[in-house]
file my_file.txt (compact mmCIF, C-alpha atoms)
# COMPACT_ATOMS: atom_id res chain seq x y z
CA GLY A 262 150.96 -7.16 162.20
CA LEU A 263 148.33 -4.87 160.67
CA ALA A 264 147.41 -1.65 162.47
CA LEU A 265 143.76 -1.49 163.45
CA ALA A 266 141.55 1.27 162.11
CA SER A 267 140.13 1.75 165.61
CA ASP A 268 143.56 2.26 167.24
CA PRO A 269 143.73 6.02 168.00
CA GLY A 270 147.37 5.81 169.04
CA GLY A 271 148.61 4.09 165.89
CA THR A 272 150.27 5.56 162.82
CA LEU A 273 147.46 4.40 160.55
CA ASN A 274 143.74 4.87 160.23
CA PHE A 275 142.43 2.72 157.39
CA LEU A 276 138.89 4.11 157.56
CA ALA A 277 140.26 7.61 156.98
CA MET A 278 141.86 6.35 153.75
CA VAL A 279 138.54 5.16 152.32
CA GLU A 280 137.62 7.27 149.28
CA ASN A 281 140.93 9.14 149.36
CA LEU A 282 141.19 8.76 145.55
CA GLN A 283 139.47 10.53 142.70
CA GLY A 284 139.62 9.97 138.96
CA ASP A 285 138.54 7.47 136.33
CA SER A 286 140.03 4.68 134.26
CA GLY A 287 140.55 6.96 131.27
CA ARG A 288 142.79 9.48 133.00
CA GLY A 289 143.88 7.63 136.10
CA TYR A 290 143.14 7.70 139.84
CA TYR A 291 144.94 10.26 141.95
CA LEU A 292 145.67 11.02 145.62
CA GLU A 293 145.96 14.40 147.32
CA MET A 294 149.35 14.94 148.92
CA LEU A 295 151.03 17.77 150.85
CA ILE A 296 154.64 18.42 149.80
CA GLY A 297 157.35 20.71 151.18
CA THR A 298 157.52 23.47 153.81
CA PRO A 299 155.23 25.36 153.69
CA THR A 300 153.08 22.62 152.21
CA GLU A 301 152.00 22.69 148.58
CA VAL A 302 148.89 20.64 147.74
CA LEU A 303 149.18 18.42 144.65
CA ASN A 304 147.20 15.56 143.15
CA ILE A 305 149.38 12.51 142.49
CA LEU A 306 148.54 9.67 140.07
CA VAL A 307 148.67 6.20 141.68
CA ASP A 308 150.75 3.87 139.49
CA THR A 309 151.71 0.31 140.44
CA GLY A 310 153.62 -0.08 137.16
CA SER A 311 156.54 2.26 137.90
CA SER A 312 158.72 3.19 140.89
CA ASN A 313 159.56 6.90 140.84
CA PHE A 314 157.74 9.60 142.78
CA ALA A 315 157.72 12.67 140.56
CA VAL A 316 155.83 15.95 140.37
CA ALA A 317 155.63 18.81 137.87
CA GLY A 318 158.46 21.16 138.81
CA VAL A 319 157.74 23.96 136.32
CA PRO A 320 154.55 25.38 134.79
CA ASP A 321 153.01 23.19 132.08
CA PRO A 322 150.01 24.03 129.89
CA ASP A 323 148.36 20.71 130.80
CA VAL A 324 148.67 20.94 134.59
CA THR A 325 146.85 23.32 136.90
CA SER A 326 149.53 23.35 139.59
CA TYR A 327 153.17 22.43 140.11
CA PHE A 328 155.70 22.02 142.93
CA ASN A 329 157.90 25.08 143.31
CA ALA A 330 160.95 23.65 145.06
CA GLU A 331 162.45 27.10 145.60
CA LEU A 332 159.61 27.95 147.99
CA SER A 333 160.24 24.90 150.21
CA SER A 334 162.75 25.33 153.03
CA THR A 335 163.01 21.53 153.42
CA TYR A 336 163.75 20.71 149.76
CA ARG A 337 167.24 19.34 149.07
CA SER A 338 168.40 18.84 145.51
CA GLN A 339 170.60 15.82 144.82
CA GLY A 340 171.68 17.28 141.48
CA ILE A 341 171.01 14.01 139.69
CA ASP A 342 169.21 14.07 136.34
CA VAL A 343 166.59 11.39 135.82
CA THR A 344 164.53 10.34 132.82
CA VAL A 345 161.61 7.92 132.96
CA LYS A 346 159.90 6.49 129.89
CA TYR A 347 156.49 4.84 130.05
CA SER A 348 154.60 2.83 127.45
CA GLN A 349 153.10 6.21 126.57
CA GLY A 350 154.93 9.42 127.41
CA SER A 351 158.14 10.33 129.22
CA TRP A 352 159.64 12.99 131.45
CA THR A 353 163.03 14.34 132.51
CA GLY A 354 163.75 15.98 135.83
CA VAL A 355 166.07 16.33 138.80
CA LEU A 356 166.17 14.17 141.92
CA GLY A 357 165.84 15.72 145.33
CA THR A 358 164.28 15.08 148.75
CA ASP A 359 161.54 16.81 150.68
CA VAL A 360 158.98 16.10 153.38
CA ILE A 361 155.50 14.89 152.51
CA THR A 362 152.32 14.58 154.53
CA MET A 363 149.35 12.39 153.71
CA PRO A 364 146.17 14.32 154.51
CA LYS A 365 144.15 11.18 155.29
CA GLY A 366 144.98 8.13 157.37
CA ILE A 367 148.75 8.32 157.94
CA TYR A 368 150.01 10.59 160.70
CA GLY A 369 153.33 12.40 160.56
CA SER A 370 155.68 13.83 157.94
CA TYR A 371 158.27 11.78 156.07
CA THR A 372 161.33 12.58 153.96
CA ILE A 373 160.95 11.10 150.48
CA ASN A 374 162.93 11.01 147.24
CA ILE A 375 161.12 13.23 144.78
CA ALA A 376 161.85 14.07 141.16
CA THR A 377 160.82 17.51 139.91
CA ILE A 378 159.73 17.18 136.28
CA LEU A 379 161.31 19.89 134.12
CA GLU A 380 160.46 18.53 130.66
CA SER A 381 157.89 16.00 129.50
CA GLU A 382 156.43 14.54 126.35
CA ASN A 383 152.90 13.06 126.19
CA PHE A 384 152.98 12.62 129.96
CA PHE A 385 150.71 15.38 131.21
CA LEU A 386 147.66 15.30 128.95
CA PRO A 387 144.91 17.90 128.37
CA GLY A 388 142.24 17.73 131.04
CA VAL A 389 144.11 15.59 133.58
CA LYS A 390 143.61 16.69 137.17
CA TRP A 391 146.84 15.28 138.59
CA HIS A 392 150.23 16.97 138.82
CA GLY A 393 152.61 14.08 139.43
CA ILE A 394 152.97 10.32 139.69
CA LEU A 395 153.39 7.96 142.64
CA GLY A 396 155.25 4.85 141.48
CA LEU A 397 154.43 1.98 143.84
CA ALA A 398 156.37 -0.84 142.15
CA TYR A 399 159.72 -2.21 143.36
CA ASP A 400 163.07 -0.40 143.45
CA ALA A 401 164.32 -2.53 140.53
CA LEU A 402 162.37 -0.17 138.25
CA ALA A 403 163.50 3.07 139.94
CA LYS A 404 165.48 5.54 137.82
CA PRO A 405 168.28 6.28 137.39
CA SER A 406 169.07 3.18 139.46
CA SER A 407 167.61 0.84 142.05
CA SER A 408 169.59 2.69 144.73
CA VAL A 409 166.87 5.38 144.70
CA GLU A 410 164.63 4.41 147.61
CA THR A 411 160.99 4.30 146.49
CA PHE A 412 158.19 6.27 148.13
CA PHE A 413 156.58 3.23 149.72
CA ASP A 414 159.88 1.74 150.92
CA SER A 415 160.63 5.08 152.62
CA LEU A 416 157.17 5.12 154.20
CA VAL A 417 157.51 1.55 155.49
CA ARG A 418 160.94 2.30 156.96
CA GLN A 419 160.15 5.67 158.56
CA ALA A 420 156.53 5.19 159.65
CA LYS A 421 157.16 1.54 160.57
CA ILE A 422 154.01 0.39 158.80
CA PRO A 423 153.49 -3.13 157.35
CA ASP A 424 154.89 -3.68 153.85
CA ILE A 425 151.49 -3.97 152.19
CA PHE A 426 149.03 -1.66 150.45
CA SER A 427 145.68 -2.16 148.78
CA LEU A 428 143.77 -0.41 146.04
CA GLN A 429 140.12 0.00 145.08
CA MET A 430 139.11 1.98 141.98
CA CYS A 431 135.38 2.70 141.65
CA GLY A 432 134.72 3.49 138.00
CA ALA A 433 132.79 0.42 136.86
CA GLY A 434 130.20 1.27 134.20
CA LEU A 435 130.81 5.02 134.48
CA PRO A 436 131.95 7.17 131.54
CA VAL A 437 135.72 7.26 131.05
CA SER A 438 137.54 10.58 130.67
CA GLY A 439 134.55 12.22 132.28
CA SER A 440 134.35 14.47 135.31
CA GLY A 441 137.16 12.65 137.13
CA THR A 442 135.16 12.51 140.33
CA ASN A 443 134.72 8.74 140.64
CA GLY A 444 135.88 7.51 144.02
CA GLY A 445 138.53 5.07 145.05
CA SER A 446 140.73 4.08 147.97
CA LEU A 447 144.47 3.59 148.43
CA VAL A 448 145.06 1.93 151.80
CA LEU A 449 148.73 2.18 152.77
CA GLY A 450 149.89 -0.36 155.35
CA GLY A 451 147.10 -2.90 155.22
CA ILE A 452 143.62 -4.05 154.24
CA GLU A 453 140.32 -2.32 154.98
CA PRO A 454 137.49 -4.93 155.37
CA SER A 455 134.74 -2.59 154.22
CA LEU A 456 136.30 -2.40 150.74
CA TYR A 457 135.65 -6.00 149.73
CA THR A 458 133.16 -8.83 150.00
CA GLY A 459 133.79 -12.58 150.16
CA ASP A 460 137.28 -14.07 150.32
CA ILE A 461 140.64 -12.69 149.21
CA TRP A 462 142.39 -14.96 146.70
CA TYR A 463 146.18 -14.62 146.47
CA THR A 464 148.56 -15.33 143.61
CA PRO A 465 152.38 -15.30 144.09
CA ILE A 466 154.50 -12.42 142.80
CA LYS A 467 156.83 -14.16 140.35
CA GLU A 468 159.48 -11.44 140.36
CA GLU A 469 159.84 -8.23 142.33
CA TRP A 470 160.16 -5.46 139.74
CA TYR A 471 156.67 -4.93 138.36
CA TYR A 472 153.99 -6.86 140.22
CA GLN A 473 154.51 -9.84 137.96
CA VAL A 474 152.03 -12.71 138.27
CA GLU A 475 151.37 -15.98 136.45
CA ILE A 476 148.37 -16.29 134.14
CA LEU A 477 147.32 -19.87 133.44
CA LYS A 478 144.50 -19.44 130.93
CA LEU A 479 141.78 -17.16 129.59
CA GLU A 480 138.16 -17.92 128.90
CA VAL A 481 135.63 -15.98 126.83
CA GLY A 482 132.03 -16.80 127.54
CA GLY A 483 133.15 -19.85 129.53
CA GLN A 484 135.18 -21.23 126.61
CA ASN A 485 138.92 -21.80 127.04
CA LEU A 486 141.05 -20.07 124.38
CA GLN A 487 143.22 -23.23 124.27
CA LEU A 488 146.49 -21.33 123.94
CA ASP A 489 149.82 -22.44 125.38
CA CYS A 490 149.87 -20.83 128.84
CA ARG A 491 153.26 -19.25 128.08
CA GLU A 492 151.52 -17.04 125.51
CA TYR A 493 149.67 -15.29 128.34
CA ASN A 494 152.95 -14.45 130.10
CA ALA A 495 154.92 -13.27 127.07
CA ASP A 496 157.11 -11.74 128.12
CA LYS A 497 155.48 -10.88 131.45
CA ALA A 498 152.06 -10.52 133.07
CA ILE A 499 151.72 -7.60 135.48
CA VAL A 500 149.14 -5.77 137.61
CA ASP A 501 149.35 -2.08 136.75
CA SER A 502 146.96 0.62 137.96
CA GLY A 503 148.64 3.16 135.68
CA THR A 504 147.52 1.32 132.54
CA THR A 505 144.02 2.19 131.39
CA LEU A 506 143.08 -0.98 129.50
CA LEU A 507 143.46 -4.72 129.75
CA ARG A 508 146.43 -5.23 127.45
CA LEU A 509 147.07 -8.63 125.88
CA PRO A 510 149.99 -10.05 123.89
CA GLU A 511 149.16 -9.86 120.19
CA LYS A 512 148.40 -13.56 119.73
CA VAL A 513 146.19 -13.60 122.83
CA PHE A 514 144.46 -10.36 121.81
CA SER A 515 143.62 -11.77 118.39
CA ALA A 516 142.19 -14.94 119.95
CA VAL A 517 140.12 -12.93 122.46
CA VAL A 518 138.68 -10.64 119.76
CA GLN A 519 137.74 -13.62 117.60
CA ALA A 520 136.11 -15.35 120.57
CA ILE A 521 134.15 -12.23 121.60
CA ALA A 522 133.00 -11.60 118.03
CA ARG A 523 132.01 -15.26 117.70
CA THR A 524 130.05 -15.43 120.95
CA SER A 525 128.51 -11.94 120.90
CA LEU A 526 125.02 -11.37 119.53
CA ILE A 527 126.29 -8.90 116.93
CA GLN A 528 126.67 -10.28 113.43
CA GLU A 529 128.71 -7.52 111.83
CA PHE A 530 131.21 -5.47 113.78
CA SER A 531 133.71 -2.91 112.47
CA SER A 532 137.36 -3.93 112.96
CA GLY A 533 138.06 -0.35 114.03
CA PHE A 534 136.13 -0.96 117.25
CA TRP A 535 138.46 -3.79 118.27
CA THR A 536 141.61 -1.79 117.44
CA GLY A 537 140.44 1.27 119.36
CA THR A 538 140.08 3.59 116.35
CA GLN A 539 136.27 3.62 116.33
CA LEU A 540 133.46 3.80 118.87
CA ALA A 541 130.28 1.75 118.82
CA CYS A 542 127.07 3.67 119.51
CA TRP A 543 123.61 2.62 120.58
CA ASP A 544 120.44 4.48 121.43
CA LYS A 545 120.64 5.85 124.99
CA THR A 546 117.73 3.67 126.04
CA GLU A 547 119.66 0.49 125.13
CA ARG A 548 122.17 -1.42 127.24
CA PRO A 549 124.54 -3.20 124.82
CA TRP A 550 126.34 -5.12 127.58
CA SER A 551 123.88 -8.02 127.28
CA LEU A 552 125.25 -8.62 123.78
CA PHE A 553 128.76 -9.50 124.96
CA PRO A 554 130.30 -12.45 126.89
CA LYS A 555 132.06 -12.64 130.24
CA LEU A 556 135.89 -12.68 130.25
CA SER A 557 137.80 -14.81 132.81
CA ILE A 558 141.48 -14.80 133.77
CA TYR A 559 142.91 -17.78 135.68
CA LEU A 560 145.74 -17.06 138.13
CA ARG A 561 147.90 -19.58 139.95
CA ASP A 562 147.00 -19.89 143.61
CA GLU A 563 149.58 -19.84 146.42
CA ASN A 564 149.09 -23.60 146.43
CA SER A 565 150.63 -24.19 142.99
CA SER A 566 148.37 -27.17 142.28
CA ARG A 567 145.34 -24.88 142.42
CA SER A 568 144.13 -21.82 140.55
CA PHE A 569 141.34 -19.28 140.82
CA ARG A 570 139.67 -17.10 138.24
CA ILE A 571 138.77 -13.43 138.21
CA SER A 572 135.97 -12.61 135.77
CA ILE A 573 134.80 -9.31 134.38
CA LEU A 574 131.41 -8.77 132.79
CA PRO A 575 131.05 -6.63 129.64
CA GLN A 576 130.17 -3.59 131.77
CA LEU A 577 133.89 -3.35 132.54
CA TYR A 578 135.36 -3.82 129.06
CA ILE A 579 132.64 -2.19 126.92
CA GLN A 580 133.16 1.30 128.30
CA PRO A 581 130.85 4.32 127.85
CA ILE A 582 132.37 7.55 126.54
CA LEU A 583 131.00 10.88 127.70
CA GLY A 584 129.47 13.57 125.52
CA ILE A 585 129.16 12.09 122.02
CA GLY A 586 125.79 12.43 120.30
CA GLU A 587 122.51 13.68 121.74
CA ASN A 588 120.42 10.52 121.50
CA LEU A 589 123.27 8.04 121.33
CA GLN A 590 125.57 6.55 123.93
CA CYS A 591 128.93 5.53 122.49
CA TYR A 592 131.32 2.91 123.84
CA ARG A 593 134.96 1.94 123.41
CA PHE A 594 136.63 -1.46 123.64
CA GLY A 595 138.54 -1.65 126.94
CA ILE A 596 141.06 -4.24 125.69
CA SER A 597 144.08 -3.62 123.46
CA SER A 598 147.08 -5.48 122.08
CA SER A 599 150.57 -5.27 123.53
CA THR A 600 153.98 -6.17 122.14
CA ASN A 601 155.67 -7.03 125.42
CA ALA A 602 153.24 -7.87 128.23
CA LEU A 603 149.85 -8.90 129.49
CA VAL A 604 148.78 -5.96 131.65
CA ILE A 605 145.93 -6.21 134.11
CA GLY A 606 145.07 -2.52 134.02
CA ALA A 607 142.16 -0.40 135.23
CA THR A 608 139.67 -2.18 132.94
CA VAL A 609 140.01 -5.26 135.18
CA MET A 610 141.11 -3.65 138.45
CA GLU A 611 137.91 -1.60 138.68
CA GLY A 612 136.12 -4.85 139.40
CA PHE A 613 138.23 -5.78 142.42
CA TYR A 614 139.89 -4.76 145.65
CA VAL A 615 143.54 -5.54 144.89
CA ILE A 616 146.01 -6.22 147.71
CA PHE A 617 149.74 -5.76 147.06
CA ASP A 618 151.16 -7.87 149.89
CA ARG A 619 154.87 -7.22 149.43
CA ALA A 620 155.72 -8.73 152.82
CA GLN A 621 154.46 -12.15 151.71
CA ARG A 622 155.27 -11.63 148.01
CA ARG A 623 151.73 -12.02 146.72
CA VAL A 624 148.90 -10.10 145.06
CA GLY A 625 145.38 -10.60 146.33
CA PHE A 626 142.02 -10.11 144.61
CA ALA A 627 138.61 -9.75 146.24
CA VAL A 628 135.29 -8.62 144.81
CA SER A 629 134.79 -4.87 145.21
CA PRO A 630 131.35 -3.73 146.41
CA CYS A 631 131.64 -0.62 144.23
CA ALA A 632 131.92 -2.81 141.10
CA GLU A 633 128.22 -2.68 140.39
CA VAL A 634 126.19 -1.35 137.47
CA ASP A 635 122.45 -0.81 137.89
CA GLY A 636 122.67 -2.60 141.23
CA SER A 637 124.23 -5.80 139.86
CA PRO A 638 127.85 -7.00 140.37
CA VAL A 639 130.06 -6.85 137.27
CA SER A 640 132.96 -8.91 138.63
CA GLU A 641 133.37 -12.39 140.10
CA ILE A 642 135.99 -14.55 141.78
CA GLU A 643 135.69 -18.33 141.81
CA GLY A 644 137.89 -21.23 142.85
CA PRO A 645 139.74 -23.31 143.59
CA PHE A 646 140.37 -25.16 140.33
CA THR A 647 142.97 -27.81 139.58
CA THR A 648 146.04 -26.91 137.53
CA ALA A 649 146.46 -30.43 136.17
CA ASP A 650 145.53 -29.22 132.67
CA VAL A 651 148.28 -26.56 132.50
CA ALA A 652 152.08 -26.59 132.63
CA SER A 653 153.81 -26.51 136.00
CA ASN A 654 155.43 -23.21 135.00
CA CYS A 655 153.90 -20.79 132.50
CA VAL A 656 156.57 -18.11 132.99
CA SER A 657 159.88 -18.19 131.15
CA SER A 658 162.71 -19.01 133.55
CA VAL A 659 164.84 -16.31 131.90
CA SER A 660 163.27 -12.91 132.25
CA PHE A 661 165.30 -10.32 130.37
CA HIS A 662 163.87 -7.26 132.00
CA GLU A 663 165.56 -3.90 131.89
CA PRO A 664 168.21 -4.19 134.63
CA VAL A 665 169.41 -7.50 133.16
CA LEU A 666 169.53 -6.00 129.67
CA TRP A 667 171.65 -3.12 130.93
CA ILE A 668 174.11 -5.52 132.57
CA ALA A 669 174.27 -7.63 129.40
CA SER A 670 174.83 -4.51 127.28
CA TYR A 671 177.68 -3.25 129.47
CA ALA A 672 179.27 -6.72 129.50
CA LEU A 673 179.14 -6.96 125.69
CA MET A 674 180.53 -3.45 125.28
CA SER A 675 183.37 -4.27 127.66
CA LEU A 676 184.15 -7.48 125.77
CA CYS A 677 184.18 -5.63 122.43
CA GLY A 678 186.45 -2.98 123.93
CA VAL A 679 188.94 -5.61 125.14
CA ILE A 680 188.97 -7.35 121.74
CA LEU A 681 189.52 -4.04 119.93
CA LEU A 682 192.32 -3.11 122.33
CA VAL A 683 194.06 -6.44 121.72
CA LEU A 684 193.75 -6.02 117.94
CA ILE A 685 195.12 -2.48 118.07
CA VAL A 686 198.07 -3.59 120.24
CA LEU A 687 198.82 -6.44 117.82
CA LEU A 688 198.78 -4.00 114.92
CA LEU A 689 201.21 -1.68 116.68
CA ILE A 690 203.71 -4.43 117.67
CA PRO A 691 206.71 -4.32 115.29
CA PRO A 692 206.74 -7.40 113.04
CA ARG A 693 209.48 -9.85 114.05
CA CYS A 694 208.76 -13.38 113.01
CA GLN A 695 206.00 -12.33 110.67
CA HIS A 696 206.12 -13.24 107.00
CA ARG A 697 207.71 -10.42 104.96
CA TYR A 698 205.38 -9.62 102.09
CA THR A 699 206.68 -8.97 98.59
CA ASP A 700 204.97 -6.79 96.04
CA ASN A 701 203.24 -9.85 94.67
CA ASP A 702 201.64 -10.81 97.97
CA VAL A 703 197.95 -10.09 98.66
CA VAL A 704 197.57 -7.90 101.75
CA ASN A 705 194.43 -8.15 103.89
CA ASP A 706 192.98 -4.74 104.71
CA GLU A 707 192.69 -5.71 108.37
CA SER A 708 193.69 -2.32 109.75
CA SER A 709 190.94 -0.64 107.74
CA LEU A 710 188.39 -3.13 109.09
CA VAL A 711 189.46 -2.33 112.65
CA ARG A 712 189.09 1.41 112.00
CA HIS A 713 185.58 0.90 110.69
CA ARG A 714 184.67 -1.19 113.70
CA TRP A 715 186.00 1.51 115.96
CA LYS A 716 183.72 4.03 114.33
call {"tool": "encode", "arguments": {"input": "my_file.txt", "output": "C-alpha cells"}}
result
Amino acid sequence: GLALASDPGGTLNFLAMVENLQGDSGRGYYLEMLIGTPTEVLNILVDTGSSNFAVAGVPDPDVTSYFNAELSSTYRSQGIDVTVKYSQGSWTGVLGTDVITMPKGIYGSYTINIATILESENFFLPGVKWHGILGLAYDALAKPSSSVETFFDSLVRQAKIPDIFSLQMCGAGLPVSGSGTNGGSLVLGGIEPSLYTGDIWYTPIKEEWYYQVEILKLEVGGQNLQLDCREYNADKAIVDSGTTLLRLPEKVFSAVVQAIARTSLIQEFSSGFWTGTQLACWDKTERPWSLFPKLSIYLRDENSSRSFRISILPQLYIQPILGIGENLQCYRFGISSSTNALVIGATVMEGFYVIFDRAQRRVGFAVSPCAEVDGSPVSEIEGPFTTADVASNCVSSVSFHEPVLWIASYALMSLCGVILLVLIVLLLIPPRCQHRYTDNDVVNDESSLVRHRWK
C-alpha cells in the first residue's frame, strides 16, 4: 500500500523528502512548512512525543518569525484555549484551522488543526531556528482533548496516504547546539530505501498514546545490567524525537553510570559529568570515544519469543560541544535520569532510521547510513535473540497515563461531592427519632468537620 517514489501521478514523492530536515540533537530537527493564505514560511520542530501542531502566534524574542493569523484569509479560529506542558517548557494558545502545504514530497494543500502560541515559558529557547512544533504522537495526548484531530491523522485522511511515517536524524558525532545545519529526513506516508541499510527490525507499540515500546534489558560493554525488566519500563518506555538525550529511570541510570565508569579506561571521573553539570575536555587531537563502552538496548520482537538489540557506540552518547576552549574539545554525557520514563531520544535515534508504522502498530529500527563518524558506523542492530531469560511481560498491565488519571480524578471528585451532599442533607433534616441531648451530653462537632471539608 505504499506509494512509489517513482510514481509521478501519486500524492507522495519519498525521494523529494530526503534531507527535508535541518537541526541537531541539542536544539531539535525541524521541517519547513507553508501555512495560511498567502503562505507564511515557518520552521517546525518534529516531535514524536506530543500530539499538537502549534506555531508562534505573536512576536517572541527567541523566535525569528511567527504566524500572523490575521493576514491569512483561510484561518478560522475555534476560540478554544489550549495549554501544553512538556518535560521542559510549556505554552498557551488558541486553537484554529488553516491550510498547510509541504514544500517537499507531498502534493496539495490540507486543512489542519493549528494552535497559535500566545504565551510560553522555556519553550522557545535562545538560538533555536524553529518557530513551532509538529506533534506526531497519537490523539490520546492531544490538548485540550483527544477530539482534536492530529496533524498526521488529518494528512492521512485528506491526502489518503498510508498511516506510516519514518524519521532519520543525521547528527552522529557532530557538535550539538552548533550551526543547526545537520541534515535529516521525515518521510510521511512510507519508507525510503535509500535511508537505511540491512534489515528493519520491528517492535510492537504497547499502547497508542506515546510510541510506547517494551524494553527487555540493557547491556553496557556486552554485560547485562541484571535488573528486573520492569525497571526499564517504569512507568513507560517511549520513542521520542523531541527529547534530546537517552533518558533512563533513576535506578537504571545509576546502574548504567556505574557500569560505564567500571568498564571505561578512565580511573577518576567527576560526578558532575554524569549528572550533566560538567563537561569533560580533551586535547583536540584526541578521540576519547575509544575510552568508553558500547551501550545496547534489547527490544521485544513482533514474535514475542524473540528480541533484537539496538546498540550505540560512544560517538553517540559522548557528545562534542561547540566553541569551548582553543586547544580543547569538550564533551557532554548524552544520557540523563528520568523520574517517569525511559525515553529513546535523539542520542539513540541519530544512529537509526526509525519507522513509525501506525497501521500495523509497530516501531521499526534500521541502521542509518548517516550514522558514521570518521567513516565508521556508530550504531548496530543484531538479532534475533531468545526471550527465555526475561519475563513474558515487562510492562505493567495498568498504565496510569494522563487521560486515565483525569477520569479517575473526576470520578473521585464526583464521589466526594455526592457524599458531601448526603451529609449536608442529613444535617438539614429535622431530628425526629434522634436522641435528644441534654446539657450533660457530649456533642460531636460533625457540622464543623463538614464545613472544613467543604473548604
call {"tool": "residues_around", "arguments": {"input": "my_file.txt", "residues": "Tyr471 of chain A", "least_positions_apart": "3", "cutoff": "12 Å", "atoms": "all atoms listed in the file", "output": "NGL selection string"}}
result
:A and (308-312 or 396-403 or 466-468 or 474 or 497-503 or 602-605 or 617 or 619 or 622 or 624 or 662-663)
call {"tool": "residues_near_point", "arguments": {"input": "my_file.txt", "point": "(134.1, 2.6, 141.3)", "cutoff": "8 Å", "atoms": "only C-alpha atoms", "output": "MDAnalysis selection string"}}
result
chainID A and resid 429:433 435 443:445 611:612 631:633
call {"tool": "atom_distance", "arguments": {"input": "my_file.txt", "atom1": "atom CA of Val302 of chain A", "atom2": "atom CA of Val279 of chain A"}}
result
19.2 Å
call {"tool": "closest_residue", "arguments": {"input": "my_file.txt", "among": "A:Arg623, A:Arg337, A:Arg561, A:Arg593", "to": "Gly287 of chain A", "atoms": "all atoms listed in the file"}}
result
A:Arg593
call {"tool": "residues_around", "arguments": {"input": "my_file.txt", "residues": "Leu486 of chain A", "least_positions_apart": "5", "cutoff": "9 Å", "atoms": "only C-alpha atoms", "output": "PyMOL selection string"}}
result
chain A and resi 478-481+513+516-517+520
call {"tool": "closest_residue", "arguments": {"input": "my_file.txt", "among": "A:Pro554, A:Pro299, A:Pro387, A:Pro405", "to": "Val639 of chain A", "atoms": "all atoms listed in the file"}}
result
A:Pro554
call {"tool": "closest_residue", "arguments": {"input": "my_file.txt", "among": "A:Gly388, A:Gly636, A:Gly366, A:Gly625", "to": "Gly284 of chain A", "atoms": "only C-alpha atoms"}}
result
A:Gly388
call {"tool": "closest_residue", "arguments": {"input": "my_file.txt", "among": "A:Leu295, A:Leu379, A:Leu428, A:Val360", "to": "Val319 of chain A", "atoms": "all atoms listed in the file"}}
result
A:Leu379
call {"tool": "atom_distance", "arguments": {"input": "my_file.txt", "atom1": "atom CA of Ser351 of chain A", "atom2": "atom CA of Ile373 of chain A"}}
result
21.5 Å
call {"tool": "residues_near_point", "arguments": {"input": "my_file.txt", "point": "(139.8, -20.7, 142.6)", "cutoff": "10 Å", "atoms": "only C-alpha atoms", "output": "PyMOL selection string"}}
result
chain A and resi 462-463+559-562+567-571+642-647
call {"tool": "residues_around", "arguments": {"input": "my_file.txt", "residues": "Tyr578 of chain A", "least_positions_apart": "6", "cutoff": "7 Å", "atoms": "only C-alpha atoms", "output": "PDB file with C-alpha atoms, in the coordinates of the input"}}
result
ATOM      1  CA  PHE A 594     136.630  -1.460 123.640  1.00  0.00           C
ATOM      2  CA  GLY A 595     138.540  -1.650 126.940  1.00  0.00           C
ATOM      3  CA  ILE A 596     141.060  -4.240 125.690  1.00  0.00           C
ATOM      4  CA  THR A 608     139.670  -2.180 132.940  1.00  0.00           C
TER       5      THR A 608
END
call {"tool": "atom_distance", "arguments": {"input": "my_file.txt", "atom1": "atom CA of Gln339 of chain A", "atom2": "atom CA of Leu356 of chain A"}}
result
5.5 Å
call {"tool": "closest_residue", "arguments": {"input": "my_file.txt", "among": "A:Thr272, A:Thr524, A:Thr300, A:Ser406", "to": "Gln484 of chain A", "atoms": "only C-alpha atoms"}}
result
A:Thr524
call {"tool": "closest_residue", "arguments": {"input": "my_file.txt", "among": "A:Ser408, A:Thr298, A:Ser455, A:Thr536", "to": "Glu280 of chain A", "atoms": "only C-alpha atoms"}}
result
A:Ser455
call {"tool": "build_atoms", "arguments": {"input": "my_file.txt", "residues": "segment 619-629 of chain A", "atoms": "N, CA and C atoms", "output": "PDB file, keeping the file's coordinate frame"}}
result
ATOM      1  N   ARG A 619     153.440  -7.110 149.721  1.00  0.00           N
ATOM      2  CA  ARG A 619     154.870  -7.220 149.430  1.00  0.00           C
ATOM      3  C   ARG A 619     155.578  -8.058 150.494  1.00  0.00           C
ATOM      4  N   ALA A 620     155.087  -7.994 151.729  1.00  0.00           N
ATOM      5  CA  ALA A 620     155.720  -8.730 152.820  1.00  0.00           C
ATOM      6  C   ALA A 620     155.688 -10.234 152.559  1.00  0.00           C
ATOM      7  N   GLN A 621     154.583 -10.724 151.987  1.00  0.00           N
ATOM      8  CA  GLN A 621     154.460 -12.150 151.710  1.00  0.00           C
ATOM      9  C   GLN A 621     154.541 -12.452 150.213  1.00  0.00           C
ATOM     10  N   ARG A 622     154.989 -11.465 149.444  1.00  0.00           N
ATOM     11  CA  ARG A 622     155.270 -11.630 148.010  1.00  0.00           C
ATOM     12  C   ARG A 622     154.067 -12.231 147.269  1.00  0.00           C
ATOM     13  N   ARG A 623     152.948 -11.536 147.369  1.00  0.00           N
ATOM     14  CA  ARG A 623     151.730 -12.020 146.720  1.00  0.00           C
ATOM     15  C   ARG A 623     150.805 -10.849 146.405  1.00  0.00           C
ATOM     16  N   VAL A 624     149.940 -11.066 145.412  1.00  0.00           N
ATOM     17  CA  VAL A 624     148.900 -10.100 145.060  1.00  0.00           C
ATOM     18  C   VAL A 624     147.557 -10.756 145.302  1.00  0.00           C
ATOM     19  N   GLY A 625     146.686 -10.052 146.007  1.00  0.00           N
ATOM     20  CA  GLY A 625     145.380 -10.600 146.330  1.00  0.00           C
ATOM     21  C   GLY A 625     144.262  -9.903 145.570  1.00  0.00           C
ATOM     22  N   PHE A 626     143.197 -10.653 145.280  1.00  0.00           N
ATOM     23  CA  PHE A 626     142.020 -10.110 144.610  1.00  0.00           C
ATOM     24  C   PHE A 626     140.782 -10.482 145.421  1.00  0.00           C
ATOM     25  N   ALA A 627     139.907  -9.514 145.620  1.00  0.00           N
ATOM     26  CA  ALA A 627     138.610  -9.750 146.240  1.00  0.00           C
ATOM     27  C   ALA A 627     137.581  -8.919 145.493  1.00  0.00           C
ATOM     28  N   VAL A 628     136.342  -9.353 145.509  1.00  0.00           N
ATOM     29  CA  VAL A 628     135.290  -8.620 144.810  1.00  0.00           C
ATOM     30  C   VAL A 628     135.063  -7.271 145.492  1.00  0.00           C
ATOM     31  N   SER A 629     135.004  -6.218 144.698  1.00  0.00           N
ATOM     32  CA  SER A 629     134.790  -4.870 145.210  1.00  0.00           C
ATOM     33  C   SER A 629     133.305  -4.545 145.222  1.00  0.00           C
TER      34      SER A 629
END
